[in-house]
Amino acid sequence: MRALILAVLLLAAGSAGAQEYPIRLPTPGGEVILPNAGAKKAHDEWRYAAARRAGDTLYVSGVVVFRAPGEANDTEAFKAQTRRSFEQLKKTLTASGATFADVAMINSFHVWEGPNFAGTKDQQFAAFEEVVGEYFKPPYPAWTAVGTTGVLGETGIVEVQLIVHSPARKP
């Protein structure tokens with residue numbers, strides 16, 4: 001349940017009070033990027049950054065493709081859930097000054113069997129791959145897809161992490 005709440009917070013694009021987003025926190029050799037209020041809350045309460053730049057490399061924390069209450073668990077619903085997560089990744093990339101074209105590596109962690117997706121492993125991956133193709137164009141990034149027994153949250157289906165080549169901006 002905590003992960004579902006976290007996922008909803010991360011989807012929130014609104015701001016808290018007069019806070020300007022993205023927030024950039026200096027780090028040794030780079031910065032932490034918090035694109036919105038949900039990412040700031042996750043950083044402050046659960047101790048992780050939506051993205052962290054180290055030199056010319058940007059590490060984007062995993063975003064969970066999840067089934068929200070009332071959503072179906074069929075292939076079409078899964079595609080919509082995947083798009084929702086990729087839109088969150090897009091917001092983080094944009095706030096970091098990067099795009100999907102800058103992504104060097106995708107790591108995806110798939111729950112192949114569970115109540116949140118009603119199809120087979122092959123059907124899930126084909127649907128996921130179709131949505132990935134909406135966001136990535138040739139030449140494609142490297143990609144490792146791993147099967148697992150679970151991701152954070154009771155309704156998580158896939159978690160997607162990105163590693164990005166994105167030279168730091170000059171101050």
# chains A, B, ... in the order shown; residues from 1 in each chain; ligands from 1
>>> closest_atom_pairs(of="stretch 129-169 of chain A", to="stretch 34-51 of chain A", cutoff="12 Å", atoms="only C-alpha atoms", output="CSV")
residue,atom,partner,partner_atom,distance
A:Gln161,CA,A:Ala51,CA,10.1
A:Leu162,CA,A:Ala51,CA,9.3
A:Ile163,CA,A:Ala51,CA,9.6
A:Val164,CA,A:Ala51,CA,10.1
A:Ser166,CA,A:Ala51,CA,11.9
>>> residues_around(residues="A:Phe109", least_positions_apart="6", cutoff="8 Å", atoms="only C-alpha atoms", output="count of residues only")
8
>>> select_by_dssp(residues="stretch 3-128 of chain A", states="strand (DSSP E or B)", output="PyMOL selection string")
chain A and resi 23-27+30-34+51-54+57-66+103-111
>>> closest_residue(among="A:Ser108, A:Gln88, A:Ser96, A:Gln19", to="A:Arg52", atoms="only C-alpha atoms")
A:Ser96
>>> select_by_dssp(residues="chain A", states="helix (DSSP H, G or I)", output="VMD selection string")
chain A and resid 2 to 11 37 to 46 75 to 95 100 to 102 121 to 135
>>> closest_residue(among="A:Arg67, A:Lys79, A:Thr92, A:Phe117", to="A:Glu129", atoms="only C-alpha atoms")
A:Lys79
>>> closest_residue(among="A:Ala142, A:Asp122, A:Pro22, A:Pro115", to="A:Glu71", atoms="only C-alpha atoms")
A:Pro115
>>> closest_residue(among="A:Leu152, A:Val60, A:Ala126, A:Ala118", to="A:Lys91", atoms="only C-alpha atoms")
A:Val60
>>> residues_around(residues="A:Glu130", least_positions_apart="4", cutoff="12 Å", atoms="only C-alpha atoms", output="PDB file with all heavy atoms, in the first residue's frame")
ATOM      1  N   THR A  75      -4.429  -6.825 -21.214  1.00  0.00           N
ATOM      2  CA  THR A  75      -3.317  -6.259 -21.980  1.00  0.00           C
ATOM      3  C   THR A  75      -3.512  -4.774 -22.267  1.00  0.00           C
ATOM      4  O   THR A  75      -2.562  -3.984 -22.127  1.00  0.00           O
ATOM      5  CB  THR A  75      -3.124  -7.040 -23.299  1.00  0.00           C
ATOM      6  OG1 THR A  75      -2.824  -8.403 -22.959  1.00  0.00           O
ATOM      7  CG2 THR A  75      -1.991  -6.475 -24.119  1.00  0.00           C
ATOM      8  N   GLU A  76      -4.707  -4.358 -22.661  1.00  0.00           N
ATOM      9  CA  GLU A  76      -4.936  -2.940 -22.976  1.00  0.00           C
ATOM     10  C   GLU A  76      -4.789  -2.066 -21.739  1.00  0.00           C
ATOM     11  O   GLU A  76      -4.223  -0.973 -21.813  1.00  0.00           O
ATOM     12  CB  GLU A  76      -6.291  -2.741 -23.649  1.00  0.00           C
ATOM     13  CG  GLU A  76      -6.356  -3.310 -25.062  1.00  0.00           C
ATOM     14  CD  GLU A  76      -5.224  -2.825 -25.971  1.00  0.00           C
ATOM     15  OE1 GLU A  76      -4.991  -1.595 -26.056  1.00  0.00           O
ATOM     16  OE2 GLU A  76      -4.569  -3.674 -26.610  1.00  0.00           O
ATOM     17  N   PHE A  78      -2.899  -2.780 -19.182  1.00  0.00           N
ATOM     18  CA  PHE A  78      -1.469  -2.796 -18.889  1.00  0.00           C
ATOM     19  C   PHE A  78      -0.720  -1.788 -19.766  1.00  0.00           C
ATOM     20  O   PHE A  78       0.168  -1.080 -19.293  1.00  0.00           O
ATOM     21  CB  PHE A  78      -0.905  -4.208 -19.077  1.00  0.00           C
ATOM     22  CG  PHE A  78       0.581  -4.286 -18.932  1.00  0.00           C
ATOM     23  CD1 PHE A  78       1.189  -4.103 -17.693  1.00  0.00           C
ATOM     24  CD2 PHE A  78       1.386  -4.538 -20.026  1.00  0.00           C
ATOM     25  CE1 PHE A  78       2.566  -4.173 -17.560  1.00  0.00           C
ATOM     26  CE2 PHE A  78       2.761  -4.616 -19.908  1.00  0.00           C
ATOM     27  CZ  PHE A  78       3.358  -4.430 -18.663  1.00  0.00           C
ATOM     28  N   LYS A  79      -1.094  -1.689 -21.030  1.00  0.00           N
ATOM     29  CA  LYS A  79      -0.452  -0.705 -21.909  1.00  0.00           C
ATOM     30  C   LYS A  79      -0.690   0.713 -21.381  1.00  0.00           C
ATOM     31  O   LYS A  79       0.226   1.544 -21.357  1.00  0.00           O
ATOM     32  CB  LYS A  79      -0.973  -0.827 -23.339  1.00  0.00           C
ATOM     33  CG  LYS A  79      -0.480  -2.045 -24.080  1.00  0.00           C
ATOM     34  CD  LYS A  79      -1.088  -2.064 -25.479  1.00  0.00           C
ATOM     35  CE  LYS A  79      -0.852  -3.356 -26.205  1.00  0.00           C
ATOM     36  NZ  LYS A  79      -1.514  -3.351 -27.530  1.00  0.00           N
ATOM     37  N   ALA A  80      -1.913   1.008 -20.961  1.00  0.00           N
ATOM     38  CA  ALA A  80      -2.222   2.342 -20.415  1.00  0.00           C
ATOM     39  C   ALA A  80      -1.433   2.585 -19.125  1.00  0.00           C
ATOM     40  O   ALA A  80      -0.923   3.692 -18.902  1.00  0.00           O
ATOM     41  CB  ALA A  80      -3.723   2.473 -20.166  1.00  0.00           C
ATOM     42  N   THR A  82       1.421   1.270 -18.380  1.00  0.00           N
ATOM     43  CA  THR A  82       2.816   1.444 -18.779  1.00  0.00           C
ATOM     44  C   THR A  82       3.033   2.855 -19.319  1.00  0.00           C
ATOM     45  O   THR A  82       4.034   3.506 -18.983  1.00  0.00           O
ATOM     46  CB  THR A  82       3.214   0.372 -19.809  1.00  0.00           C
ATOM     47  OG1 THR A  82       3.014  -0.926 -19.230  1.00  0.00           O
ATOM     48  CG2 THR A  82       4.666   0.515 -20.231  1.00  0.00           C
ATOM     49  N   ARG A  83       2.114   3.338 -20.132  1.00  0.00           N
ATOM     50  CA  ARG A  83       2.222   4.712 -20.649  1.00  0.00           C
ATOM     51  C   ARG A  83       2.237   5.724 -19.505  1.00  0.00           C
ATOM     52  O   ARG A  83       2.987   6.704 -19.536  1.00  0.00           O
ATOM     53  CB  ARG A  83       1.083   5.028 -21.608  1.00  0.00           C
ATOM     54  CG  ARG A  83       1.221   4.378 -22.957  1.00  0.00           C
ATOM     55  CD  ARG A  83       0.096   4.776 -23.922  1.00  0.00           C
ATOM     56  NE  ARG A  83       0.132   3.903 -25.067  1.00  0.00           N
ATOM     57  CZ  ARG A  83      -0.651   2.841 -25.240  1.00  0.00           C
ATOM     58  NH1 ARG A  83      -1.598   2.545 -24.342  1.00  0.00           N
ATOM     59  NH2 ARG A  83      -0.526   2.085 -26.311  1.00  0.00           N
ATOM     60  N   GLN A 123       2.951 -12.285 -23.510  1.00  0.00           N
ATOM     61  CA  GLN A 123       1.973 -11.227 -23.773  1.00  0.00           C
ATOM     62  C   GLN A 123       2.346  -9.948 -23.026  1.00  0.00           C
ATOM     63  O   GLN A 123       2.236  -8.853 -23.580  1.00  0.00           O
ATOM     64  CB  GLN A 123       0.570 -11.679 -23.371  1.00  0.00           C
ATOM     65  CG  GLN A 123      -0.002 -12.746 -24.282  1.00  0.00           C
ATOM     66  CD  GLN A 123      -1.264 -13.375 -23.709  1.00  0.00           C
ATOM     67  OE1 GLN A 123      -1.419 -13.537 -22.488  1.00  0.00           O
ATOM     68  NE2 GLN A 123      -2.189 -13.730 -24.591  1.00  0.00           N
ATOM     69  N   GLN A 124       2.792 -10.088 -21.791  1.00  0.00           N
ATOM     70  CA  GLN A 124       3.196  -8.909 -21.019  1.00  0.00           C
ATOM     71  C   GLN A 124       4.377  -8.216 -21.686  1.00  0.00           C
ATOM     72  O   GLN A 124       4.380  -7.004 -21.874  1.00  0.00           O
ATOM     73  CB  GLN A 124       3.574  -9.262 -19.579  1.00  0.00           C
ATOM     74  CG  GLN A 124       3.891  -8.024 -18.752  1.00  0.00           C
ATOM     75  CD  GLN A 124       4.633  -8.312 -17.480  1.00  0.00           C
ATOM     76  OE1 GLN A 124       5.804  -7.991 -17.367  1.00  0.00           O
ATOM     77  NE2 GLN A 124       3.954  -8.928 -16.511  1.00  0.00           N
ATOM     78  N   PHE A 125       5.383  -9.006 -22.057  1.00  0.00           N
ATOM     79  CA  PHE A 125       6.565  -8.388 -22.640  1.00  0.00           C
ATOM     80  C   PHE A 125       6.248  -7.757 -23.994  1.00  0.00           C
ATOM     81  O   PHE A 125       6.732  -6.661 -24.303  1.00  0.00           O
ATOM     82  CB  PHE A 125       7.736  -9.363 -22.761  1.00  0.00           C
ATOM     83  CG  PHE A 125       9.026  -8.649 -23.036  1.00  0.00           C
ATOM     84  CD1 PHE A 125       9.689  -7.974 -22.025  1.00  0.00           C
ATOM     85  CD2 PHE A 125       9.540  -8.593 -24.318  1.00  0.00           C
ATOM     86  CE1 PHE A 125      10.857  -7.265 -22.276  1.00  0.00           C
ATOM     87  CE2 PHE A 125      10.706  -7.897 -24.583  1.00  0.00           C
ATOM     88  CZ  PHE A 125      11.364  -7.228 -23.558  1.00  0.00           C
ATOM     89  N   ALA A 126       5.423  -8.399 -24.796  1.00  0.00           N
ATOM     90  CA  ALA A 126       5.049  -7.835 -26.102  1.00  0.00           C
ATOM     91  C   ALA A 126       4.310  -6.507 -25.914  1.00  0.00           C
ATOM     92  O   ALA A 126       4.577  -5.535 -26.639  1.00  0.00           O
ATOM     93  CB  ALA A 126       4.187  -8.827 -26.885  1.00  0.00           C
ATOM     94  N   GLU A 134       6.898   3.424 -28.401  1.00  0.00           N
ATOM     95  CA  GLU A 134       6.268   4.734 -28.538  1.00  0.00           C
ATOM     96  C   GLU A 134       7.170   5.847 -28.008  1.00  0.00           C
ATOM     97  O   GLU A 134       7.021   7.010 -28.377  1.00  0.00           O
ATOM     98  CB  GLU A 134       4.923   4.766 -27.794  1.00  0.00           C
ATOM     99  CG  GLU A 134       3.893   3.817 -28.363  1.00  0.00           C
ATOM    100  CD  GLU A 134       2.646   3.707 -27.497  1.00  0.00           C
ATOM    101  OE1 GLU A 134       2.447   4.549 -26.587  1.00  0.00           O
ATOM    102  OE2 GLU A 134       1.866   2.760 -27.729  1.00  0.00           O
ATOM    103  N   TYR A 135       8.084   5.496 -27.122  1.00  0.00           N
ATOM    104  CA  TYR A 135       8.944   6.479 -26.465  1.00  0.00           C
ATOM    105  C   TYR A 135      10.386   6.459 -26.977  1.00  0.00           C
ATOM    106  O   TYR A 135      11.079   7.471 -26.886  1.00  0.00           O
ATOM    107  CB  TYR A 135       8.927   6.264 -24.945  1.00  0.00           C
ATOM    108  CG  TYR A 135       7.589   6.623 -24.356  1.00  0.00           C
ATOM    109  CD1 TYR A 135       6.560   5.687 -24.288  1.00  0.00           C
ATOM    110  CD2 TYR A 135       7.323   7.907 -23.909  1.00  0.00           C
ATOM    111  CE1 TYR A 135       5.310   6.018 -23.775  1.00  0.00           C
ATOM    112  CE2 TYR A 135       6.087   8.255 -23.395  1.00  0.00           C
ATOM    113  CZ  TYR A 135       5.086   7.302 -23.331  1.00  0.00           C
ATOM    114  OH  TYR A 135       3.847   7.640 -22.835  1.00  0.00           O
ATOM    115  N   PHE A 136      10.849   5.326 -27.485  1.00  0.00           N
ATOM    116  CA  PHE A 136      12.228   5.194 -27.948  1.00  0.00           C
ATOM    117  C   PHE A 136      12.247   4.939 -29.440  1.00  0.00           C
ATOM    118  O   PHE A 136      11.501   4.108 -29.950  1.00  0.00           O
ATOM    119  CB  PHE A 136      12.930   4.032 -27.239  1.00  0.00           C
ATOM    120  CG  PHE A 136      13.190   4.293 -25.790  1.00  0.00           C
ATOM    121  CD1 PHE A 136      12.295   3.868 -24.829  1.00  0.00           C
ATOM    122  CD2 PHE A 136      14.342   4.958 -25.379  1.00  0.00           C
ATOM    123  CE1 PHE A 136      12.530   4.107 -23.475  1.00  0.00           C
ATOM    124  CE2 PHE A 136      14.577   5.204 -24.045  1.00  0.00           C
ATOM    125  CZ  PHE A 136      13.674   4.783 -23.084  1.00  0.00           C
ATOM    126  N   LYS A 137      13.127   5.651 -30.126  1.00  0.00           N
ATOM    127  CA  LYS A 137      13.337   5.491 -31.566  1.00  0.00           C
ATOM    128  C   LYS A 137      14.786   5.069 -31.793  1.00  0.00           C
ATOM    129  O   LYS A 137      15.644   5.326 -30.969  1.00  0.00           O
ATOM    130  CB  LYS A 137      13.036   6.805 -32.301  1.00  0.00           C
ATOM    131  CG  LYS A 137      11.623   7.346 -32.041  1.00  0.00           C
ATOM    132  CD  LYS A 137      10.543   6.365 -32.421  1.00  0.00           C
ATOM    133  CE  LYS A 137       9.157   6.876 -32.084  1.00  0.00           C
ATOM    134  NZ  LYS A 137       8.222   5.821 -31.802  1.00  0.00           N
TER     135      LYS A 137
END
>>> closest_residue(among="A:Trp143, A:Phe66, A:Phe128, A:Phe86", to="A:Ala104", atoms="only C-alpha atoms")
A:Trp143
>>> residues_around(residues="A:Pro139", least_positions_apart="6", cutoff="12 Å", atoms="only C-alpha atoms", output="count of residues only")
7
>>> residues_around(residues="A:Gly114", least_positions_apart="6", cutoff="9 Å", atoms="only C-alpha atoms", output="MDAnalysis selection string")
chainID A and resid 149:150 155 157
>>> write_last_selection(atoms="N, CA and C atoms", output="CSV table (one decimal), in the first residue's frame")
chain,number,residue,atom,x,y,z
A,149,THR,N,9.9,-12.0,-8.6
A,149,THR,CA,8.6,-12.4,-7.9
A,149,THR,C,7.9,-11.2,-7.4
A,150,GLY,N,8.4,-10.0,-7.4
A,150,GLY,CA,7.7,-8.9,-7.0
A,150,GLY,C,8.5,-7.6,-7.0
A,155,THR,N,0.5,-3.9,-6.1
A,155,THR,CA,-0.1,-4.0,-7.4
A,155,THR,C,0.9,-3.7,-8.5
A,157,ILE,N,3.6,-4.3,-11.4
A,157,ILE,CA,3.8,-5.2,-12.4
A,157,ILE,C,5.2,-5.2,-13.0
